[in-house]
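Okay, run.cif is below, mmCIF, N, CA and C atoms and all ligand atoms:
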data_upload
#
loop_
_atom_site.label_atom_id
_atom_site.label_comp_id
_atom_site.auth_asym_id
_atom_site.auth_seq_id
_atom_site.Cartn_x
_atom_site.Cartn_y
_atom_site.Cartn_z
N MET A 1 20.86 8.24 -32.53
CA MET A 1 20.95 9.68 -32.28
C MET A 1 21.99 10.30 -33.20
N ASN A 2 21.73 11.51 -33.60
CA ASN A 2 22.65 12.22 -34.47
C ASN A 2 24.03 12.38 -33.82
N LYS A 3 25.05 12.18 -34.65
CA LYS A 3 26.42 12.26 -34.17
C LYS A 3 26.74 13.64 -33.58
N LEU A 4 26.23 14.67 -34.25
CA LEU A 4 26.51 16.03 -33.79
C LEU A 4 25.95 16.27 -32.39
N LEU A 5 24.78 15.69 -32.11
CA LEU A 5 24.19 15.89 -30.78
C LEU A 5 25.06 15.25 -29.70
N GLN A 6 25.58 14.08 -30.00
CA GLN A 6 26.46 13.42 -29.05
C GLN A 6 27.72 14.26 -28.84
N GLN A 7 28.28 14.72 -29.97
CA GLN A 7 29.50 15.52 -29.89
C GLN A 7 29.25 16.81 -29.13
N ALA A 8 28.08 17.40 -29.38
CA ALA A 8 27.74 18.68 -28.74
C ALA A 8 27.77 18.55 -27.22
N GLU A 9 27.18 17.47 -26.76
CA GLU A 9 27.13 17.19 -25.33
C GLU A 9 28.55 17.20 -24.75
N GLN A 10 29.41 16.45 -25.42
CA GLN A 10 30.78 16.29 -24.96
C GLN A 10 31.56 17.60 -25.05
N ILE A 11 31.40 18.29 -26.18
CA ILE A 11 32.12 19.55 -26.39
C ILE A 11 31.74 20.58 -25.31
N CYS A 12 30.43 20.69 -25.03
CA CYS A 12 29.99 21.66 -24.02
C CYS A 12 30.54 21.29 -22.65
N GLN A 13 30.56 20.01 -22.38
CA GLN A 13 31.08 19.56 -21.09
C GLN A 13 32.57 19.93 -20.96
N GLU A 14 33.33 19.63 -22.01
CA GLU A 14 34.76 19.93 -22.00
C GLU A 14 35.03 21.42 -21.85
N ARG A 15 34.19 22.24 -22.50
CA ARG A 15 34.41 23.69 -22.45
C ARG A 15 33.78 24.33 -21.23
N GLY A 16 33.05 23.54 -20.46
CA GLY A 16 32.42 24.07 -19.27
C GLY A 16 31.29 25.05 -19.56
N VAL A 17 30.62 24.86 -20.70
CA VAL A 17 29.46 25.69 -21.01
C VAL A 17 28.20 24.84 -20.91
N ARG A 18 27.08 25.49 -20.62
CA ARG A 18 25.86 24.74 -20.39
C ARG A 18 25.11 24.39 -21.67
N PHE A 19 24.87 23.10 -21.84
CA PHE A 19 24.09 22.64 -22.98
C PHE A 19 22.67 22.44 -22.46
N THR A 20 21.93 23.53 -22.40
CA THR A 20 20.60 23.50 -21.80
C THR A 20 19.60 22.74 -22.69
N ALA A 21 18.46 22.42 -22.12
CA ALA A 21 17.43 21.69 -22.86
C ALA A 21 17.02 22.45 -24.12
N GLN A 22 16.94 23.79 -23.99
CA GLN A 22 16.52 24.58 -25.15
C GLN A 22 17.59 24.59 -26.24
N ARG A 23 18.84 24.70 -25.82
CA ARG A 23 19.93 24.68 -26.79
C ARG A 23 19.95 23.34 -27.51
N ARG A 24 19.74 22.27 -26.73
CA ARG A 24 19.73 20.94 -27.31
C ARG A 24 18.56 20.80 -28.31
N GLN A 25 17.42 21.34 -27.91
CA GLN A 25 16.24 21.22 -28.76
C GLN A 25 16.46 21.95 -30.10
N VAL A 26 17.04 23.14 -30.01
CA VAL A 26 17.30 23.89 -31.24
C VAL A 26 18.28 23.11 -32.12
N LEU A 27 19.30 22.55 -31.50
CA LEU A 27 20.27 21.78 -32.28
C LEU A 27 19.62 20.55 -32.90
N GLU A 28 18.74 19.91 -32.15
CA GLU A 28 18.03 18.74 -32.67
C GLU A 28 17.21 19.09 -33.90
N ILE A 29 16.55 20.24 -33.83
CA ILE A 29 15.71 20.67 -34.95
C ILE A 29 16.58 20.95 -36.18
N VAL A 30 17.70 21.65 -35.95
CA VAL A 30 18.60 21.96 -37.06
C VAL A 30 19.15 20.67 -37.68
N CYS A 31 19.50 19.71 -36.82
CA CYS A 31 20.10 18.45 -37.31
C CYS A 31 19.08 17.58 -38.04
N ALA A 32 17.84 17.63 -37.59
CA ALA A 32 16.83 16.76 -38.17
C ALA A 32 16.45 17.21 -39.58
N ALA A 33 16.66 18.50 -39.86
CA ALA A 33 16.28 19.02 -41.17
C ALA A 33 17.31 18.59 -42.20
N ARG A 34 16.83 18.37 -43.41
CA ARG A 34 17.78 17.97 -44.45
C ARG A 34 18.19 19.16 -45.30
N ARG A 35 17.78 20.32 -44.86
CA ARG A 35 18.19 21.54 -45.57
C ARG A 35 18.38 22.62 -44.51
N PRO A 36 19.04 23.72 -44.85
CA PRO A 36 19.24 24.78 -43.87
C PRO A 36 17.90 25.36 -43.42
N LEU A 37 17.79 25.69 -42.14
CA LEU A 37 16.54 26.22 -41.60
C LEU A 37 16.73 27.67 -41.16
N GLY A 38 15.72 28.48 -41.44
CA GLY A 38 15.73 29.85 -40.97
C GLY A 38 15.29 29.91 -39.52
N ALA A 39 15.60 31.02 -38.84
CA ALA A 39 15.26 31.16 -37.43
C ALA A 39 13.76 30.98 -37.19
N TYR A 40 12.94 31.48 -38.13
CA TYR A 40 11.50 31.37 -37.92
C TYR A 40 10.99 29.95 -38.07
N GLU A 41 11.63 29.20 -38.97
CA GLU A 41 11.25 27.79 -39.10
C GLU A 41 11.61 27.03 -37.83
N ILE A 42 12.72 27.39 -37.25
CA ILE A 42 13.15 26.74 -36.00
C ILE A 42 12.18 27.11 -34.88
N LEU A 43 11.81 28.37 -34.85
CA LEU A 43 10.85 28.85 -33.85
C LEU A 43 9.52 28.08 -33.99
N ASP A 44 9.07 27.91 -35.22
CA ASP A 44 7.83 27.17 -35.47
C ASP A 44 7.93 25.74 -34.94
N ALA A 45 9.05 25.11 -35.25
CA ALA A 45 9.24 23.73 -34.81
C ALA A 45 9.28 23.63 -33.29
N MET A 46 9.89 24.62 -32.64
CA MET A 46 9.95 24.66 -31.18
C MET A 46 8.54 24.78 -30.61
N ARG A 47 7.75 25.66 -31.25
CA ARG A 47 6.39 25.89 -30.76
C ARG A 47 5.54 24.65 -30.93
N LYS A 48 5.77 23.92 -32.03
CA LYS A 48 5.00 22.71 -32.26
C LYS A 48 5.30 21.67 -31.21
N SER A 49 6.58 21.57 -30.83
CA SER A 49 6.92 20.49 -29.90
C SER A 49 6.81 20.90 -28.44
N SER A 50 7.00 22.19 -28.12
CA SER A 50 6.92 22.51 -26.70
C SER A 50 6.09 23.74 -26.38
N GLY A 51 5.18 24.08 -27.28
CA GLY A 51 4.27 25.17 -26.99
C GLY A 51 4.92 26.54 -27.09
N ARG A 52 4.49 27.45 -26.25
CA ARG A 52 4.96 28.83 -26.31
C ARG A 52 6.47 28.94 -26.23
N THR A 53 7.04 29.56 -27.22
CA THR A 53 8.48 29.82 -27.22
C THR A 53 8.68 31.23 -27.72
N ALA A 54 9.42 32.03 -26.96
CA ALA A 54 9.64 33.40 -27.37
C ALA A 54 10.80 33.45 -28.37
N PRO A 55 10.68 34.30 -29.41
CA PRO A 55 11.77 34.37 -30.39
C PRO A 55 13.16 34.57 -29.78
N PRO A 56 13.31 35.45 -28.75
CA PRO A 56 14.67 35.63 -28.22
C PRO A 56 15.30 34.34 -27.69
N THR A 57 14.45 33.42 -27.22
CA THR A 57 14.96 32.14 -26.72
C THR A 57 15.68 31.41 -27.85
N VAL A 58 15.02 31.41 -29.02
CA VAL A 58 15.60 30.72 -30.17
C VAL A 58 16.85 31.45 -30.65
N TYR A 59 16.78 32.79 -30.72
CA TYR A 59 17.94 33.55 -31.18
C TYR A 59 19.14 33.35 -30.27
N ARG A 60 18.86 33.34 -28.96
CA ARG A 60 19.98 33.16 -28.03
C ARG A 60 20.59 31.77 -28.16
N ALA A 61 19.72 30.77 -28.32
CA ALA A 61 20.22 29.40 -28.49
C ALA A 61 21.04 29.30 -29.77
N LEU A 62 20.56 29.95 -30.84
CA LEU A 62 21.29 29.90 -32.11
C LEU A 62 22.65 30.59 -31.98
N GLU A 63 22.67 31.74 -31.28
CA GLU A 63 23.93 32.45 -31.06
C GLU A 63 24.92 31.57 -30.31
N PHE A 64 24.41 30.90 -29.29
CA PHE A 64 25.26 30.02 -28.50
C PHE A 64 25.84 28.90 -29.36
N LEU A 65 24.96 28.23 -30.09
CA LEU A 65 25.39 27.09 -30.90
C LEU A 65 26.39 27.52 -31.98
N LYS A 66 26.15 28.72 -32.51
CA LYS A 66 27.05 29.25 -33.54
C LYS A 66 28.41 29.58 -32.91
N ALA A 67 28.37 30.22 -31.75
CA ALA A 67 29.62 30.59 -31.08
C ALA A 67 30.43 29.35 -30.71
N GLN A 68 29.75 28.26 -30.40
CA GLN A 68 30.45 27.02 -30.05
C GLN A 68 30.85 26.22 -31.30
N GLY A 69 30.50 26.74 -32.46
CA GLY A 69 30.86 26.05 -33.70
C GLY A 69 30.06 24.79 -33.96
N LEU A 70 28.90 24.68 -33.32
CA LEU A 70 28.08 23.48 -33.52
C LEU A 70 27.18 23.64 -34.75
N ILE A 71 26.88 24.88 -35.06
CA ILE A 71 26.11 25.15 -36.28
C ILE A 71 26.81 26.29 -37.04
N HIS A 72 26.48 26.41 -38.30
CA HIS A 72 26.99 27.53 -39.09
C HIS A 72 25.79 28.29 -39.64
N LYS A 73 26.00 29.58 -39.84
CA LYS A 73 24.95 30.35 -40.47
C LYS A 73 25.31 30.58 -41.94
N LEU A 74 24.38 30.27 -42.81
CA LEU A 74 24.58 30.55 -44.22
C LEU A 74 23.95 31.90 -44.51
N GLU A 75 24.80 32.90 -44.69
CA GLU A 75 24.31 34.27 -44.83
C GLU A 75 23.42 34.43 -46.06
N SER A 76 23.78 33.75 -47.14
CA SER A 76 23.02 33.95 -48.37
C SER A 76 21.59 33.45 -48.23
N LEU A 77 21.38 32.50 -47.35
CA LEU A 77 20.04 31.92 -47.17
C LEU A 77 19.38 32.37 -45.86
N HIS A 78 20.12 33.10 -45.03
CA HIS A 78 19.66 33.45 -43.68
C HIS A 78 19.20 32.19 -42.95
N ALA A 79 20.01 31.16 -43.03
CA ALA A 79 19.59 29.88 -42.47
C ALA A 79 20.76 29.18 -41.79
N PHE A 80 20.41 28.21 -40.96
CA PHE A 80 21.42 27.54 -40.15
C PHE A 80 21.53 26.06 -40.51
N VAL A 81 22.76 25.55 -40.39
CA VAL A 81 22.97 24.12 -40.60
C VAL A 81 23.88 23.59 -39.50
N GLY A 82 23.76 22.31 -39.21
CA GLY A 82 24.64 21.68 -38.24
C GLY A 82 26.03 21.53 -38.84
N CYS A 83 27.05 21.58 -38.00
CA CYS A 83 28.42 21.46 -38.49
C CYS A 83 28.81 19.98 -38.61
N ASN A 84 29.61 19.69 -39.62
CA ASN A 84 30.07 18.31 -39.82
C ASN A 84 31.23 17.93 -38.93
N HIS A 85 31.96 18.89 -38.48
CA HIS A 85 33.15 18.58 -37.66
C HIS A 85 33.33 19.66 -36.61
N PRO A 86 32.50 19.61 -35.58
CA PRO A 86 32.46 20.69 -34.58
C PRO A 86 33.60 20.67 -33.57
N ASP A 87 34.41 19.61 -33.60
CA ASP A 87 35.41 19.46 -32.55
C ASP A 87 36.59 20.41 -32.69
N HIS A 88 36.72 21.10 -33.82
CA HIS A 88 37.83 22.04 -33.97
C HIS A 88 37.36 23.24 -34.78
N PRO A 89 37.95 24.42 -34.50
CA PRO A 89 37.56 25.61 -35.27
C PRO A 89 38.03 25.46 -36.71
N HIS A 90 37.25 25.91 -37.65
CA HIS A 90 37.64 25.75 -39.04
C HIS A 90 36.91 26.76 -39.92
N ALA A 91 37.53 26.99 -41.07
CA ALA A 91 36.86 27.76 -42.10
C ALA A 91 36.14 26.73 -42.96
N SER A 92 34.93 27.02 -43.39
CA SER A 92 34.28 26.01 -44.21
C SER A 92 33.82 26.57 -45.53
N GLN A 93 33.62 25.66 -46.43
CA GLN A 93 33.05 25.99 -47.72
C GLN A 93 31.76 25.19 -47.83
N PHE A 94 30.70 25.87 -48.21
CA PHE A 94 29.42 25.20 -48.34
C PHE A 94 29.00 25.10 -49.79
N LEU A 95 28.57 23.90 -50.16
CA LEU A 95 28.01 23.69 -51.48
C LEU A 95 26.51 23.65 -51.31
N ILE A 96 25.84 24.62 -51.84
CA ILE A 96 24.40 24.75 -51.63
C ILE A 96 23.67 24.44 -52.94
N CYS A 97 22.80 23.45 -52.92
CA CYS A 97 22.08 23.09 -54.14
C CYS A 97 20.83 23.96 -54.27
N SER A 98 20.73 24.67 -55.38
CA SER A 98 19.60 25.58 -55.53
C SER A 98 18.34 24.82 -55.95
N GLU A 99 18.49 23.53 -56.30
CA GLU A 99 17.30 22.78 -56.70
C GLU A 99 16.64 22.08 -55.52
N CYS A 100 17.44 21.32 -54.75
CA CYS A 100 16.82 20.56 -53.66
C CYS A 100 17.06 21.23 -52.32
N GLY A 101 17.91 22.25 -52.29
CA GLY A 101 18.18 22.93 -51.03
C GLY A 101 19.16 22.17 -50.15
N GLY A 102 19.68 21.06 -50.67
CA GLY A 102 20.64 20.27 -49.89
C GLY A 102 21.96 21.02 -49.77
N ILE A 103 22.71 20.75 -48.71
CA ILE A 103 24.00 21.40 -48.56
C ILE A 103 25.06 20.40 -48.14
N ASP A 104 26.28 20.74 -48.47
CA ASP A 104 27.40 19.90 -48.11
C ASP A 104 28.47 20.83 -47.54
N GLU A 105 29.06 20.43 -46.43
CA GLU A 105 30.10 21.27 -45.85
C GLU A 105 31.47 20.68 -46.15
N LEU A 106 32.33 21.49 -46.71
CA LEU A 106 33.68 21.05 -46.99
C LEU A 106 34.63 21.81 -46.07
N GLU A 107 35.74 21.19 -45.81
CA GLU A 107 36.77 21.89 -45.04
C GLU A 107 38.07 21.69 -45.81
N ASP A 108 38.28 22.56 -46.78
CA ASP A 108 39.44 22.43 -47.63
C ASP A 108 40.49 23.45 -47.19
N GLU A 109 41.54 22.95 -46.60
CA GLU A 109 42.57 23.81 -46.03
C GLU A 109 43.24 24.67 -47.11
N GLN A 110 43.34 24.11 -48.32
CA GLN A 110 43.98 24.87 -49.41
C GLN A 110 43.16 26.09 -49.78
N VAL A 111 41.84 25.90 -49.84
CA VAL A 111 40.95 27.02 -50.16
C VAL A 111 41.09 28.08 -49.07
N SER A 112 41.05 27.64 -47.81
CA SER A 112 41.16 28.59 -46.70
C SER A 112 42.47 29.35 -46.76
N GLN A 113 43.52 28.62 -47.08
CA GLN A 113 44.83 29.25 -47.11
C GLN A 113 44.94 30.28 -48.23
N SER A 114 44.44 29.94 -49.42
CA SER A 114 44.51 30.93 -50.51
C SER A 114 43.69 32.15 -50.18
N LEU A 115 42.54 31.95 -49.55
CA LEU A 115 41.71 33.10 -49.20
C LEU A 115 42.42 33.97 -48.17
N ARG A 116 43.07 33.31 -47.21
CA ARG A 116 43.79 34.04 -46.18
C ARG A 116 44.88 34.89 -46.81
N GLN A 117 45.65 34.26 -47.69
CA GLN A 117 46.74 34.99 -48.34
C GLN A 117 46.22 36.12 -49.21
N ALA A 118 45.20 35.83 -49.99
CA ALA A 118 44.66 36.85 -50.89
C ALA A 118 44.09 38.02 -50.11
N SER A 119 43.37 37.73 -49.00
CA SER A 119 42.79 38.84 -48.25
C SER A 119 43.88 39.63 -47.54
N ARG A 120 44.89 38.92 -47.05
CA ARG A 120 45.99 39.62 -46.39
C ARG A 120 46.69 40.55 -47.38
N ALA A 121 46.88 40.07 -48.61
CA ALA A 121 47.53 40.89 -49.64
C ALA A 121 46.75 42.17 -49.92
N SER A 122 45.44 42.12 -49.68
CA SER A 122 44.63 43.33 -49.88
C SER A 122 44.48 44.12 -48.59
N GLY A 123 45.18 43.70 -47.56
CA GLY A 123 45.09 44.40 -46.28
C GLY A 123 43.76 44.20 -45.60
N PHE A 124 43.10 43.11 -45.93
CA PHE A 124 41.75 42.85 -45.43
C PHE A 124 41.79 41.81 -44.32
N THR A 125 41.03 42.06 -43.24
CA THR A 125 40.95 41.10 -42.15
C THR A 125 39.56 40.47 -42.11
N PRO A 126 39.44 39.23 -42.52
CA PRO A 126 38.11 38.61 -42.55
C PRO A 126 37.61 38.27 -41.14
N GLN A 127 36.33 38.43 -40.92
CA GLN A 127 35.75 38.08 -39.63
C GLN A 127 35.10 36.72 -39.65
N ARG A 128 34.40 36.44 -40.73
CA ARG A 128 33.87 35.10 -40.88
C ARG A 128 34.47 34.50 -42.13
N ARG A 129 34.76 33.22 -42.05
CA ARG A 129 35.50 32.61 -43.14
C ARG A 129 34.69 31.49 -43.77
N ILE A 130 33.48 31.82 -44.14
CA ILE A 130 32.62 30.82 -44.73
C ILE A 130 32.39 31.17 -46.20
N VAL A 131 32.67 30.23 -47.06
CA VAL A 131 32.48 30.43 -48.48
C VAL A 131 31.23 29.67 -48.89
N GLU A 132 30.37 30.32 -49.62
CA GLU A 132 29.14 29.65 -50.05
C GLU A 132 29.10 29.55 -51.57
N LEU A 133 28.97 28.35 -52.06
CA LEU A 133 28.86 28.14 -53.50
C LEU A 133 27.46 27.65 -53.79
N ILE A 134 26.79 28.34 -54.70
CA ILE A 134 25.44 27.95 -55.05
C ILE A 134 25.49 27.20 -56.38
N GLY A 135 24.79 26.10 -56.48
CA GLY A 135 24.82 25.34 -57.73
C GLY A 135 23.90 24.14 -57.68
N THR A 136 24.31 23.08 -58.33
CA THR A 136 23.48 21.89 -58.42
C THR A 136 24.23 20.70 -57.83
N CYS A 137 23.60 20.00 -56.93
CA CYS A 137 24.28 18.87 -56.29
C CYS A 137 24.34 17.67 -57.23
N GLU A 138 25.09 16.67 -56.79
CA GLU A 138 25.31 15.52 -57.65
C GLU A 138 24.00 14.84 -58.04
N SER A 139 23.14 14.60 -57.04
CA SER A 139 21.93 13.84 -57.39
C SER A 139 20.98 14.68 -58.24
N CYS A 140 20.94 16.00 -58.02
CA CYS A 140 20.09 16.84 -58.87
C CYS A 140 20.66 16.92 -60.28
N SER A 141 21.99 16.93 -60.41
CA SER A 141 22.51 17.01 -61.78
C SER A 141 22.27 15.71 -62.52
N ARG A 142 22.08 14.61 -61.76
CA ARG A 142 21.75 13.35 -62.42
C ARG A 142 20.26 13.24 -62.69
N GLY A 143 19.53 14.31 -62.32
CA GLY A 143 18.10 14.31 -62.59
C GLY A 143 17.29 13.58 -61.54
N GLN A 144 17.91 13.30 -60.40
CA GLN A 144 17.17 12.65 -59.33
C GLN A 144 16.68 13.71 -58.37
N SER A 145 15.60 13.37 -57.67
CA SER A 145 15.10 14.36 -56.73
C SER A 145 14.88 13.71 -55.37
N ASP A 146 15.72 12.72 -55.06
CA ASP A 146 15.53 12.00 -53.79
C ASP A 146 15.80 12.84 -52.56
N LYS A 147 16.46 14.00 -52.76
CA LYS A 147 16.75 14.84 -51.61
C LYS A 147 15.58 15.78 -51.32
N ARG A 148 14.71 15.90 -52.28
CA ARG A 148 13.60 16.82 -52.13
C ARG A 148 12.67 16.36 -51.01
N GLN A 149 12.17 17.31 -50.26
CA GLN A 149 11.31 16.92 -49.14
C GLN A 149 9.87 16.86 -49.58
ZN ZN A 201 31.70 23.19 -39.69
ZN ZN A 202 20.21 18.99 -55.19
#
The structure given in the file should be rewritten as structure tokens.
Amino acid sequence: MNKLLQQAEQICQERGVRFTAQRRQVLEIVCAARRPLGAYEILDAMRKSSGRTAPPTVYRALEFLKAQGLIHKLESLHAFVGCNHPDHPHASQFLICSECGGIDELEDEQVSQSLRQASRASGFTPQRRIVELIGTCESCSRGQSDKRQ
């Protein structure tokens, strides 16, 4: 079983929030994908596995998972990915490969700190602290396409 799913169970229990079957299913779908998934792709996958699913069900589950820090939303792609380290709040940097669609989540405290200082110097208060870098991943730059689905 995916590590994030196990952690999710525990995190929800500790926080006293309900990890319902639907929330779990949405998280499972996000985790099983090797690239970020859009809400409609998640909805499709839900419908395939459990029949009729209303879009608000998926949106609410995504909102919940995002609020609990179990998934992140990549604004540039309008897509969701599972978090690599959900046990603590963090600012993340995402490396998004434009060739294979693979992503990597980094948590570089130095990057977060410089952004915090720079935004504060401009009198700016950030609400979301996710940095997205678009480029080519290691295996794609080596000319491999093993990440491609
Ligand atoms: Zn994360
Ligand atoms: Zn790639």
Residues within 5 Å of region 100-105 of chain A, only N, CA and C atoms, excluding chain neighbours under 6 positions, as a ChimeraX atom specification: /A:35,93-94
List as a PyMOL selection string the protein and nucleic acid residues lying within 7 Å of ligand ZN 202 (chain A), with only C-alpha atoms and all ligand atoms counted. chain A and resi 97-102+136-140+147
Dump the neighbourhood of ligand ZN 201 (chain A) as a VMD selection string: all residues within 5 Å, distances computed on all atoms listed in the file.
chain A and resid 83 to 85
Minimum-distance residue to Ala91 (chain A), chosen among A:Ala33, A:Ala54, A:Ile42, A:Ile130 (using only C-alpha atoms):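 Under the stated criterion, the closest residue is A:Ile130.
If you measure from each of A:Ser49, A:Glu132, A:Leu62, A:Val30 to Leu74 (chain A) using only N, CA and C atoms, the closest one turns out to be A:Glu132.
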Extract, using only C-alpha atoms, all DNA, RNA and protein residues at most 9 Å from Pro86 (chain A), discarding same-chain residues fewer than 5 positions from it, and format them as an mmCIF file with N, CA and C atoms, keeping the file's coordinate frame.
data_model
loop_
_atom_site.group_PDB
_atom_site.id
_atom_site.type_symbol
_atom_site.label_atom_id
_atom_site.label_comp_id
_atom_site.auth_asym_id
_atom_site.auth_seq_id
_atom_site.Cartn_x
_atom_site.Cartn_y
_atom_site.Cartn_z
ATOM 1 N N LEU A 4 26.230 14.670 -34.250
ATOM 2 C CA LEU A 4 26.510 16.030 -33.790
ATOM 3 C C LEU A 4 25.950 16.270 -32.390
ATOM 4 N N GLN A 7 28.280 14.720 -29.970
ATOM 5 C CA GLN A 7 29.500 15.520 -29.890
ATOM 6 C C GLN A 7 29.250 16.810 -29.130
ATOM 7 N N ALA A 8 28.080 17.400 -29.380
ATOM 8 C CA ALA A 8 27.740 18.680 -28.740
ATOM 9 C C ALA A 8 27.770 18.550 -27.220
ATOM 10 N N ILE A 11 31.400 18.290 -26.180
ATOM 11 C CA ILE A 11 32.120 19.550 -26.390
ATOM 12 C C ILE A 11 31.740 20.580 -25.310
ATOM 13 N N GLN A 68 29.750 28.260 -30.400
ATOM 14 C CA GLN A 68 30.450 27.020 -30.050
ATOM 15 C C GLN A 68 30.850 26.220 -31.300
ATOM 16 N N GLY A 69 30.500 26.740 -32.460
ATOM 17 C CA GLY A 69 30.860 26.050 -33.700
ATOM 18 C C GLY A 69 30.060 24.790 -33.960
ATOM 19 N N LEU A 70 28.900 24.680 -33.320
ATOM 20 C CA LEU A 70 28.080 23.480 -33.520
ATOM 21 C C LEU A 70 27.180 23.640 -34.750
ATOM 22 N N ILE A 71 26.880 24.880 -35.060
ATOM 23 C CA ILE A 71 26.110 25.150 -36.280
ATOM 24 C C ILE A 71 26.810 26.290 -37.040
#
*What separation in Å, quoted to one decimal, exists between atom N of Gly135 (chain A) and atom N of Glu109 (chain A)?*
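Atom N of Glu109 (chain A) lies at a distance of 19.7 Å from atom N of Gly135 (chain A).
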Check your understanding: Among chain A, which ones does DSSP place in strand (DSSP E), written as a list in words?
Key -> Leu37, Gly38, Ile71, His72, Lys73, Leu74, Ala79, Phe80, Val81, Gly82, Ser92, Gln93, Phe94, Leu95, Ile96, Cys97, Ile103, Asp104, Glu105, Leu106, Ile130, Val131, Glu132, Leu133, Ile134 and Gly135 of chain A
- Query: Looking at A:Leu106, A:Met46, A:Ala118, A:Cys12, which one is nearest to Val26 (chain A), with distances taken over all atoms listed in the file?
  - Reply: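 Nearest candidate to Val26 (chain A) out of A:Leu106, A:Met46, A:Ala118, A:Cys12: A:Met46.
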- Length of the atom N of Arg60 (chain A) to CA of Gln22 (chain A) vector [Å]: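 So the answer is 9.8 Å.
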Kindly list the centre and edge lengths in Å, rounded to one decimal, for the axis-aligned box that covers all listed atoms of region 108-119 of chain A plus 4 Å on each of its six sides, as JSON.
{"center_x": 42.5, "center_y": 31.0, "center_z": -48.5, "size_x": 16.5, "size_y": 25.2, "size_z": 12.9}
### Query
Quick one, how far is CA of Ser141 (chain A) from CA of Val111 (chain A)?
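Spanning CA of Ser141 (chain A) to CA of Val111 (chain A) is a straight-line distance of 24.0 Å.
Distances from A:Leu65, A:Arg129, A:Ile96, A:Gly123 to Asp108 (chain A) were compared using only C-alpha atoms, and the smallest one belongs to A:Arg129.
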Notebook entry, point to check: A:Ala21, A:Ile29, A:Leu37, A:Leu95: which is nearest Ile134 (chain A), counting only C-alpha atoms?
Noted result: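 When distances to Ile134 (chain A) are compared using only C-alpha atoms, the smallest one comes from A:Leu95.
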Where does DSSP see alpha helix (DSSP H) in chain A, if you list the residues as a PyMOL selection string? chain A and resi 3-15+21-32+39-50+55-67+109-121+138-141
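With distances restricted to only N, CA and C atoms, A:His78 is the closest residue to Gly38 (chain A) from A:Gln110, A:His78, A:Val131, A:His90.
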Take region 122-126 of chain A, model all heavy atoms, and hand the result over as an mmCIF file, in the coordinates of the input.
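Writing done, so here's result.cif:
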data_model
loop_
_atom_site.group_PDB
_atom_site.id
_atom_site.type_symbol
_atom_site.label_atom_id
_atom_site.label_comp_id
_atom_site.auth_asym_id
_atom_site.auth_seq_id
_atom_site.Cartn_x
_atom_site.Cartn_y
_atom_site.Cartn_z
ATOM 1 N N SER A 122 45.440 42.120 -49.680
ATOM 2 C CA SER A 122 44.630 43.330 -49.880
ATOM 3 C C SER A 122 44.480 44.120 -48.590
ATOM 4 O O SER A 122 43.708 45.066 -48.529
ATOM 5 C CB SER A 122 43.226 42.975 -50.366
ATOM 6 O OG SER A 122 43.270 42.037 -51.383
ATOM 7 N N GLY A 123 45.180 43.700 -47.560
ATOM 8 C CA GLY A 123 45.090 44.400 -46.280
ATOM 9 C C GLY A 123 43.760 44.200 -45.600
ATOM 10 O O GLY A 123 43.318 45.000 -44.777
ATOM 11 N N PHE A 124 43.100 43.110 -45.930
ATOM 12 C CA PHE A 124 41.750 42.850 -45.430
ATOM 13 C C PHE A 124 41.790 41.810 -44.320
ATOM 14 O O PHE A 124 42.496 40.816 -44.396
ATOM 15 C CB PHE A 124 40.899 42.324 -46.598
ATOM 16 C CG PHE A 124 39.452 42.115 -46.264
ATOM 17 C CD1 PHE A 124 38.558 43.173 -46.255
ATOM 18 C CD2 PHE A 124 38.984 40.839 -45.978
ATOM 19 C CE1 PHE A 124 37.220 42.970 -45.955
ATOM 20 C CE2 PHE A 124 37.648 40.628 -45.676
ATOM 21 C CZ PHE A 124 36.768 41.701 -45.666
ATOM 22 N N THR A 125 41.030 42.060 -43.240
ATOM 23 C CA THR A 125 40.950 41.100 -42.150
ATOM 24 C C THR A 125 39.560 40.470 -42.110
ATOM 25 O O THR A 125 38.598 41.126 -41.742
ATOM 26 C CB THR A 125 41.218 41.789 -40.785
ATOM 27 O OG1 THR A 125 42.421 42.536 -40.893
ATOM 28 C CG2 THR A 125 41.343 40.772 -39.665
ATOM 29 N N PRO A 126 39.440 39.230 -42.520
ATOM 30 C CA PRO A 126 38.110 38.610 -42.550
ATOM 31 C C PRO A 126 37.610 38.270 -41.140
ATOM 32 O O PRO A 126 38.406 37.895 -40.283
ATOM 33 C CB PRO A 126 38.309 37.329 -43.355
ATOM 34 C CG PRO A 126 39.763 37.150 -43.525
ATOM 35 C CD PRO A 126 40.491 38.321 -42.971
#
